[in-house]
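A.B. asks: Structure provided below as structure tokens; questions to follow.
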Amino acid sequence: MSDFILPDIGEGIVECELVKWLVSEGDIIEEDQPVAEVMTDKALVEIPAPYKGRVTHLYHKEGDIAKVHAPLFELVEEGGDSEQDAPPQTPSTEAGAATNKAEPVPETSGTTPANDDETEDFILPDIGEGIVECEVVEWRVAEGDEIEEDQPVVDVMTDKAMVEITAPKAGRVTKLYHKQQEMARVHSPLFAFIPRDREEPAEAKAASKPAPEPSPATAKPASTGTRQRIPASPAVRRLVREHNLNLADIAGSGKDGRVLKADVLAHLDNPTAPSQRQEGTDESQPASQGRGGRMPAREQEVRIEPIKGMQAAMARSMVKSATTIPHFIYSEDIDVTDLLKLREQLKPEAEARGSRLTLMPFVMKATALAVQEFPVLNSRVNDDVTEIHYLPSCNIGMAVDGKAGLMVPNVKGVESLTLLGIADEVSRLTEAARSGRVSQEDLKGGTITISNIGALGGTYASPIINAPEVAIVALGRTQKLPRFDANGQVVERAIMTVSWAGDHRIIDGGTIARFCNRWKGYLESPQSMLLHLG
């Protein structure tokens with residue numbers, strides 16, 4: 001008999017909320033079977049059983065705060081203390097029952113992935129850049145599926161990008177250790193599988209052994225099989241708890257019956273739902289139902305949604321940048337009438353070559369040329385602010401509002417690319433970012449950033465620098481506005497507003513103004529860029 005000690009969950013977490021017990025006292029549980037769900041300030045974490053045994057005591061109630069390195073539950077190992085204590089405490093008939101209880105253990109453990117000689121656990125590898133956990137976004141396979149070597153198995157989301165995990169070898173998936181939307185730890189099992197070269201001998205061995213008859217002792221674990229977990233995200237589970245609902249009473253409209261937030265809200269609005277009929281006898285219900293519905297309660301509710309993944313990474317980065325870097329904002333109007341005409345002239349030829357030519361390649365090329373004269377905008381400053389590191393390549397990032405949140409992939413070596421080469425990279429990175437499948441390589445190494453906020457609307461902005469870079473520009477909406485020509489006549493021109501932000505520790509106002517003038521000159525007279533192309 002031993003206490004299960006709540007392990008160190010990482011990242012300085014010292015306590016967590018016990019959200020839900022997945023077992024009860026007296027239950028017999030299998031190794032790696034989910035026992036409890038705990039909520040840290042970072043994610044919902046599932047605690048598995050360390051070995052097969054019987055739960056004798058639960059130290060906390062649901063909703064309690066459990067401390068790291070403190071007992072969470074008490075577990076009697078099967079074949080261990082229970083057999084040693086049984087003879088002095090029970091008659092011989094009970095001892096015989098205990099013997100029957102112990103006999104099926106080898107057979108049962110043979111089907112447990114962690115103890116199966118033929119089964120291998122796939123350990124989530126180190127994804128790099130200090131990442132210690134990631135969110136399981138989507139399983140591409142199910143338990144029992146056959147997989148081929150290098151076949152995509154699961155998509156996981158780090159705080160930097162979506163990563164596709166592939167199968168190390170061909171075989172059959174036997175266990176998925178995490179549900180979708182759960183957090184998986186690096187260096188811990190992600191899924192179990194039987195390699196194809198081992199599966200055939202295993203099946204032959206299983207066929208040679210008769211299946212054991214179920215006994216009262218083995219019937220208990222079967223009850224955990226009926227405790228089927230209903231797929232739902234942590235935010236949905238919290239919403240369900242706040243309204244004292246039962247997740248099993250809510251019909252899920254998502255994939256595989258997943259309960260979505262919309263399902264919970266629809267369930268609250270439906271007066272004929274099972275849970276509402278049952279709650280009609282509660283003391284708190286007559287008052288609200290007597291008023292004809294739940295609308296007053298809905299108006300007062302606070303919806304809580306965890307910040308995680310790419311959104312959490314962006315929040316940390318923006319707070320650090322805004323609080324540690326003094327921003328100098330410089331705004332300007334740029335006449336892009338001639339640039340738009342040139343783009344229209346070149347567009348058919350670009351499309352004939354399979355390239356989509358937008359304004360972004362011209363803006364990037366003009367930036368790379370202007371940086372050659374003002375290299376401080378393409379630099380970094382060390383942590384002690386004692387050195388400026390001038391970077392050899394101009395890797396221009398572009399902020400993309402993608403499926404997984406704001407991403408800033410960058411085009412490498414813009415100074416050496418043609419306009420068509422830049423256009424192809426812009427199209428590739430935009431498509432990848434919007435689908436949430438940008439590679440780590442495309443996210444690393446940016447030196448200066450462009451945010452095309454004008455595509456959505458707005459003119460001037462105060463962009464926040466994407467540290468450790470030292471400059472960023474926000475492109476505003478292009479508008480048809482009246483301007484005076486050289487003869488004093490009012491003419492219609494295409495005017496694009498831009499807003500630069502520079503790190504005022506190393507970039508002064510005069511530098512960013514002169515840089516912007518040079519950059520503006522390239523965009524207002526795009527043919528002048530030809531004089532400087534290498």
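Each chain in the structure tokens gets a letter, A, B and so on, in the order shown; residues start at 1 in every chain, and ligands are counted from 1 in the order they appear.
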Run DSSP on the backbone and grab whatever in region 306-495 of chain A lands in helix (DSSP H, G or I); send it over as a PyMOL selection string.
C.D. replies: chain A and resi 309-324+337-352+359-373+375-378+414-416+419-434+440-443+453-455
A.B. asks: Could I get the residues of region 138-204 of chain A with an atom no further than 12 Å from an atom of region 120-124 of chain A, each paired with its nearest atom pair and that distance in Å to one decimal, using only C-alpha atoms, sorted by chain and residue number, as a Markdown table?
C.D. replies:
| residue | atom | partner | partner_atom | distance |
| --- | --- | --- | --- | --- |
| A:Val153 | CA | A:Phe122 | CA | 10.8 |
| A:Val154 | CA | A:Leu124 | CA | 10.9 |
| A:Asp155 | CA | A:Leu124 | CA | 11.8 |
| A:Val156 | CA | A:Leu124 | CA | 10.1 |
| A:Val163 | CA | A:Leu124 | CA | 11.5 |
| A:Glu164 | CA | A:Leu124 | CA | 11.4 |
| A:Ile165 | CA | A:Leu124 | CA | 8.6 |
| A:Thr166 | CA | A:Phe122 | CA | 10.1 |
| A:Ala167 | CA | A:Phe122 | CA | 8.4 |
| A:Pro168 | CA | A:Phe122 | CA | 8.1 |
| A:Lys169 | CA | A:Phe122 | CA | 10.2 |
| A:Ala170 | CA | A:Glu120 | CA | 11.7 |
| A:Gly171 | CA | A:Glu120 | CA | 10.0 |
| A:Arg172 | CA | A:Glu120 | CA | 10.3 |
| A:Val173 | CA | A:Glu120 | CA | 9.6 |
| A:Thr174 | CA | A:Glu120 | CA | 9.3 |
| A:Lys175 | CA | A:Asp121 | CA | 8.9 |
| A:Leu176 | CA | A:Asp121 | CA | 9.8 |
| A:Tyr177 | CA | A:Asp121 | CA | 9.6 |
| A:His178 | CA | A:Leu124 | CA | 11.6 |
| A:Met183 | CA | A:Leu124 | CA | 11.6 |
| A:Ala184 | CA | A:Leu124 | CA | 7.9 |
| A:Arg185 | CA | A:Leu124 | CA | 7.2 |
| A:Val186 | CA | A:Leu124 | CA | 5.2 |
| A:His187 | CA | A:Leu124 | CA | 5.2 |
| A:Ser188 | CA | A:Ile123 | CA | 5.3 |
| A:Pro189 | CA | A:Ile123 | CA | 4.4 |
| A:Leu190 | CA | A:Leu124 | CA | 5.7 |
| A:Phe191 | CA | A:Phe122 | CA | 5.4 |
| A:Ala192 | CA | A:Asp121 | CA | 4.3 |
| A:Phe193 | CA | A:Glu120 | CA | 5.5 |
| A:Ile194 | CA | A:Glu120 | CA | 6.1 |
| A:Pro195 | CA | A:Glu120 | CA | 7.5 |
| A:Arg196 | CA | A:Glu120 | CA | 11.2 |
| A:Arg198 | CA | A:Glu120 | CA | 10.2 |
| A:Glu199 | CA | A:Glu120 | CA | 11.2 |
A.B. asks: Can I get the selection written as a short mmCIF file (atom, residue, chain, number, x, y, z; two decimals), in the first residue's frame, with N, CA, C and O atoms?
C.D. replies:
data_model
loop_
_atom_site.label_atom_id
_atom_site.label_comp_id
_atom_site.auth_asym_id
_atom_site.auth_seq_id
_atom_site.Cartn_x
_atom_site.Cartn_y
_atom_site.Cartn_z
N VAL A 153 0.56 11.06 -37.65
CA VAL A 153 -0.23 10.43 -36.59
C VAL A 153 -1.03 11.46 -35.81
O VAL A 153 -2.19 11.25 -35.50
N VAL A 154 -0.42 12.60 -35.51
CA VAL A 154 -1.08 13.59 -34.66
C VAL A 154 -0.50 14.97 -34.94
O VAL A 154 0.69 15.10 -35.28
N ASP A 155 -1.34 16.00 -34.83
CA ASP A 155 -0.90 17.38 -34.90
C ASP A 155 -0.86 17.93 -33.48
O ASP A 155 -1.85 17.83 -32.74
N VAL A 156 0.27 18.50 -33.10
CA VAL A 156 0.40 19.11 -31.78
C VAL A 156 0.76 20.59 -31.95
O VAL A 156 1.43 20.97 -32.91
N VAL A 163 2.94 21.43 -35.13
CA VAL A 163 3.95 20.43 -35.50
C VAL A 163 3.25 19.12 -35.80
O VAL A 163 2.35 18.70 -35.08
N GLU A 164 3.64 18.48 -36.89
CA GLU A 164 3.06 17.20 -37.30
C GLU A 164 3.97 16.07 -36.82
O GLU A 164 5.15 16.03 -37.15
N ILE A 165 3.43 15.15 -36.02
CA ILE A 165 4.20 14.01 -35.50
C ILE A 165 3.92 12.80 -36.40
O ILE A 165 2.76 12.45 -36.65
N THR A 166 4.98 12.16 -36.89
CA THR A 166 4.83 11.02 -37.79
C THR A 166 5.22 9.72 -37.09
O THR A 166 5.92 9.72 -36.07
N ALA A 167 4.77 8.60 -37.67
CA ALA A 167 5.05 7.28 -37.10
C ALA A 167 6.51 6.91 -37.34
O ALA A 167 7.02 7.07 -38.45
N PRO A 168 7.21 6.38 -36.32
CA PRO A 168 8.61 6.00 -36.51
C PRO A 168 8.77 4.73 -37.34
O PRO A 168 9.80 4.53 -37.96
N LYS A 169 7.74 3.88 -37.34
CA LYS A 169 7.78 2.65 -38.13
C LYS A 169 6.35 2.16 -38.35
O LYS A 169 5.42 2.64 -37.71
N ALA A 170 6.19 1.19 -39.23
CA ALA A 170 4.86 0.66 -39.53
C ALA A 170 4.38 -0.23 -38.39
O ALA A 170 5.17 -0.87 -37.70
N GLY A 171 3.07 -0.28 -38.18
CA GLY A 171 2.51 -1.11 -37.12
C GLY A 171 1.04 -0.82 -36.90
O GLY A 171 0.36 -0.27 -37.76
N ARG A 172 0.57 -1.14 -35.70
CA ARG A 172 -0.84 -0.95 -35.33
C ARG A 172 -0.92 -0.16 -34.04
O ARG A 172 -0.26 -0.50 -33.04
N VAL A 173 -1.72 0.90 -34.04
CA VAL A 173 -1.88 1.76 -32.86
C VAL A 173 -2.72 1.02 -31.82
O VAL A 173 -3.81 0.53 -32.13
N THR A 174 -2.22 0.93 -30.60
CA THR A 174 -2.96 0.23 -29.54
C THR A 174 -3.51 1.18 -28.48
O THR A 174 -4.46 0.85 -27.81
N LYS A 175 -2.91 2.36 -28.32
CA LYS A 175 -3.39 3.26 -27.26
C LYS A 175 -2.99 4.69 -27.60
O LYS A 175 -1.87 4.94 -28.04
N LEU A 176 -3.93 5.60 -27.41
CA LEU A 176 -3.66 7.03 -27.49
C LEU A 176 -3.69 7.58 -26.07
O LEU A 176 -4.71 7.50 -25.40
N TYR A 177 -2.58 8.09 -25.60
CA TYR A 177 -2.48 8.48 -24.20
C TYR A 177 -3.16 9.81 -23.88
O TYR A 177 -3.35 10.14 -22.71
N HIS A 178 -3.51 10.59 -24.88
CA HIS A 178 -4.11 11.90 -24.63
C HIS A 178 -5.33 12.10 -25.53
O HIS A 178 -5.37 11.61 -26.65
N MET A 183 -2.93 18.58 -22.87
CA MET A 183 -1.52 18.95 -22.94
C MET A 183 -0.66 17.70 -22.78
O MET A 183 -0.87 16.90 -21.87
N ALA A 184 0.30 17.54 -23.66
CA ALA A 184 1.23 16.42 -23.62
C ALA A 184 2.62 16.94 -23.26
O ALA A 184 3.05 17.97 -23.76
N ARG A 185 3.31 16.21 -22.38
CA ARG A 185 4.64 16.62 -21.92
C ARG A 185 5.70 16.02 -22.83
O ARG A 185 5.61 14.88 -23.27
N VAL A 186 6.73 16.81 -23.10
CA VAL A 186 7.89 16.31 -23.83
C VAL A 186 8.56 15.21 -23.01
O VAL A 186 8.58 15.27 -21.77
N HIS A 187 9.06 14.17 -23.68
CA HIS A 187 9.72 13.01 -23.07
C HIS A 187 8.74 12.10 -22.33
O HIS A 187 9.17 11.28 -21.50
N SER A 188 7.43 12.23 -22.59
CA SER A 188 6.44 11.32 -22.01
C SER A 188 5.72 10.60 -23.15
O SER A 188 5.72 11.07 -24.29
N PRO A 189 5.09 9.42 -22.88
CA PRO A 189 4.44 8.66 -23.95
C PRO A 189 3.30 9.44 -24.60
O PRO A 189 2.49 10.08 -23.93
N LEU A 190 3.25 9.39 -25.93
CA LEU A 190 2.20 10.05 -26.68
C LEU A 190 1.18 9.03 -27.20
O LEU A 190 -0.02 9.24 -27.09
N PHE A 191 1.68 7.92 -27.74
CA PHE A 191 0.81 6.83 -28.14
C PHE A 191 1.61 5.53 -28.12
O PHE A 191 2.84 5.54 -28.09
N ALA A 192 0.89 4.40 -28.06
CA ALA A 192 1.52 3.09 -28.07
C ALA A 192 1.15 2.36 -29.35
O ALA A 192 0.04 2.54 -29.88
N PHE A 193 2.08 1.55 -29.84
CA PHE A 193 1.80 0.81 -31.07
C PHE A 193 2.59 -0.49 -31.06
O PHE A 193 3.59 -0.64 -30.35
N ILE A 194 2.11 -1.46 -31.85
CA ILE A 194 2.82 -2.72 -32.04
C ILE A 194 3.48 -2.68 -33.41
O ILE A 194 2.78 -2.59 -34.43
N PRO A 195 4.80 -2.69 -33.47
CA PRO A 195 5.47 -2.71 -34.77
C PRO A 195 5.02 -3.91 -35.60
O PRO A 195 4.76 -4.99 -35.05
N ARG A 196 4.92 -3.73 -36.88
CA ARG A 196 4.39 -4.77 -37.75
C ARG A 196 5.23 -6.05 -37.69
O ARG A 196 4.70 -7.15 -37.79
N ARG A 198 6.53 -7.32 -35.16
CA ARG A 198 6.31 -8.05 -33.90
C ARG A 198 4.88 -8.53 -33.75
O ARG A 198 4.57 -9.37 -32.93
N GLU A 199 3.97 -7.91 -34.52
CA GLU A 199 2.54 -8.16 -34.30
C GLU A 199 2.16 -9.60 -34.62
O GLU A 199 1.37 -10.22 -33.92
#
A.B. asks: Restricting the calculation to only C-alpha atoms, which member of A:Asp424, A:Glu349, A:Glu387, A:Asp249 is positioned closest to Val411 (chain A)?
C.D. replies: A:Asp424
A.B. asks: Would you mind listing what lies within 7 Å of region 523-527 of chain A as a PyMOL selection string, with only C-alpha atoms counted and same-chain residues fewer than 6 positions away left out?
C.D. replies: chain A and resi 334-336+338-339+366
A.B. asks: Using only C-alpha atoms, which protein or nucleic acid residues come within 12 Å of Arg434 (chain A)? Drop anything in the same chain fewer than 4 positions from it, and give the result as a PyMOL selection string.
C.D. replies: chain A and resi 161-162+399-409+427-430+438
A.B. asks: So that I can check the surroundings of Ala66 (chain A), please list as a list in words every protein, DNA and RNA residue that reaches within 10 Å of it, counting only C-alpha atoms and ignoring chain neighbours fewer than 3 positions away.
C.D. replies: Leu6, Val14, Glu15, Cys16, Glu17, Leu18, Val38, Met39, Tyr59, His60, Lys61, Gly63, His69, Ala70, Pro71 and Leu72 of chain A
A.B. asks: Those same residues - N, CA and C atoms - I'd like them written as a compact mmCIF listing (two decimals), in the first residue's frame.
C.D. replies:
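Saved result, again02.txt, follows:
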# COMPACT_ATOMS: atom_id res chain seq x y z
N LEU A 6 1.56 13.64 -5.80
CA LEU A 6 1.35 14.49 -6.96
C LEU A 6 2.70 14.98 -7.46
N VAL A 14 3.14 24.96 -8.07
CA VAL A 14 3.24 24.35 -6.74
C VAL A 14 1.91 23.79 -6.25
N GLU A 15 0.83 24.11 -6.93
CA GLU A 15 -0.47 23.58 -6.54
C GLU A 15 -1.40 23.57 -7.74
N CYS A 16 -2.47 22.80 -7.66
CA CYS A 16 -3.43 22.74 -8.76
C CYS A 16 -4.81 22.39 -8.20
N GLU A 17 -5.82 22.70 -8.97
CA GLU A 17 -7.20 22.39 -8.57
C GLU A 17 -7.57 20.99 -9.03
N LEU A 18 -8.15 20.20 -8.12
CA LEU A 18 -8.63 18.88 -8.50
C LEU A 18 -9.99 19.05 -9.17
N VAL A 38 -6.55 17.47 -13.10
CA VAL A 38 -6.20 18.62 -12.27
C VAL A 38 -5.95 19.81 -13.19
N MET A 39 -6.30 21.00 -12.71
CA MET A 39 -6.16 22.22 -13.50
C MET A 39 -5.09 23.10 -12.87
N TYR A 59 -7.62 11.55 -1.27
CA TYR A 59 -7.30 12.55 -0.24
C TYR A 59 -7.97 13.90 -0.45
N HIS A 60 -8.54 14.13 -1.63
CA HIS A 60 -9.15 15.45 -1.90
C HIS A 60 -10.52 15.28 -2.51
N LYS A 61 -11.36 16.28 -2.35
CA LYS A 61 -12.65 16.33 -3.01
C LYS A 61 -12.51 17.17 -4.28
N GLY A 63 -12.72 20.07 -6.64
CA GLY A 63 -12.73 21.50 -6.33
C GLY A 63 -11.68 21.90 -5.32
N HIS A 69 3.92 17.39 -4.63
CA HIS A 69 4.71 16.60 -3.67
C HIS A 69 3.92 16.20 -2.43
N ALA A 70 2.58 16.31 -2.49
CA ALA A 70 1.72 15.86 -1.40
C ALA A 70 0.88 14.68 -1.90
N PRO A 71 0.39 13.78 -0.99
CA PRO A 71 -0.40 12.62 -1.42
C PRO A 71 -1.67 13.04 -2.15
N LEU A 72 -1.99 12.35 -3.25
CA LEU A 72 -3.20 12.61 -4.01
C LEU A 72 -4.22 11.50 -3.78
A.B. asks: Would you mind listing what lies within 12 Å of Ile329 (chain A) as a PyMOL selection string, with only C-alpha atoms counted and same-chain residues fewer than 6 positions away left out?
C.D. replies: chain A and resi 460-465+471-474+498-504+507-510+512-513+516
A.B. asks: Would you mind exporting the chosen residues as a PDB file, in the first residue's frame, restricted to C-alpha atoms?
C.D. replies:
ATOM      1  CA  TYR A 460      -2.440  54.811 -38.507  1.00  0.00           C
ATOM      2  CA  ALA A 461      -1.349  52.468 -35.717  1.00  0.00           C
ATOM      3  CA  SER A 462       1.193  52.053 -32.927  1.00  0.00           C
ATOM      4  CA  PRO A 463       2.691  48.622 -33.655  1.00  0.00           C
ATOM      5  CA  ILE A 464       4.607  46.756 -30.954  1.00  0.00           C
ATOM      6  CA  ILE A 465       8.099  45.605 -31.887  1.00  0.00           C
ATOM      7  CA  ALA A 471      11.772  47.907 -35.845  1.00  0.00           C
ATOM      8  CA  ILE A 472       8.313  47.176 -37.228  1.00  0.00           C
ATOM      9  CA  VAL A 473       6.026  48.916 -39.717  1.00  0.00           C
ATOM     10  CA  ALA A 474       2.220  48.791 -39.905  1.00  0.00           C
ATOM     11  CA  VAL A 498       2.303  53.751 -42.684  1.00  0.00           C
ATOM     12  CA  SER A 499       3.399  53.743 -39.036  1.00  0.00           C
ATOM     13  CA  TRP A 500       6.936  52.762 -38.016  1.00  0.00           C
ATOM     14  CA  ALA A 501       7.970  51.804 -34.484  1.00  0.00           C
ATOM     15  CA  GLY A 502      11.667  51.784 -33.587  1.00  0.00           C
ATOM     16  CA  ASP A 503      13.616  50.742 -30.512  1.00  0.00           C
ATOM     17  CA  HIS A 504      14.475  54.171 -29.106  1.00  0.00           C
ATOM     18  CA  ILE A 507      17.329  54.230 -33.079  1.00  0.00           C
ATOM     19  CA  ASP A 508      16.750  57.970 -32.773  1.00  0.00           C
ATOM     20  CA  GLY A 509      14.019  59.964 -34.459  1.00  0.00           C
ATOM     21  CA  GLY A 510      16.306  61.377 -37.151  1.00  0.00           C
ATOM     22  CA  ILE A 512      14.038  56.464 -38.574  1.00  0.00           C
ATOM     23  CA  ALA A 513      12.857  59.583 -40.456  1.00  0.00           C
ATOM     24  CA  CYS A 516      11.538  56.148 -43.983  1.00  0.00           C
TER      25      CYS A 516
END
A.B. asks: For Thr449 (chain A), which of A:Gly436, A:Glu146, A:Ala494, A:Asn378 is the closest residue, counting only C-alpha atoms?
C.D. replies: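 Once distances to Thr449 (chain A) are computed over only C-alpha atoms, the minimum belongs to A:Asn378.
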A.B. asks: Quick one: residues within 12 Å of Gly354 (chain A), only C-alpha atoms counted, chain neighbours fewer than 2 positions away excluded, as a ChimeraX atom specification?
C.D. replies: /A:347-352,356-357,420-421,423-424,427
A.B. asks: If you run DSSP on the backbone here, which positions in region 330-380 of chain A get strand (DSSP E or B)? Please write them as JSON, numbers by chain.
C.D. replies: {"A": [330, 331, 332, 333, 334, 335, 379, 380]}
A.B. asks: So what do you get for CA of Arg258 (chain A) versus CA of Ile131 (chain A), distance-wise?
C.D. replies: 27.8 Å
A.B. asks: Between CA of Pro468 (chain A) and CA of Val319 (chain A), what is the spacing in Å?
C.D. replies: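 So the answer is 13.0 Å.
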A.B. asks: Calculate how many Å separate CA of His57 (chain A) from CA of Val45 (chain A), rounding to one decimal.
C.D. replies: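 It comes out at 20.6 Å.
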A.B. asks: With distances taken over only C-alpha atoms, which of A:His243, A:Lys341, A:Arg477, A:Arg353 is nearest to Ser451 (chain A)?
C.D. replies: A:Arg477
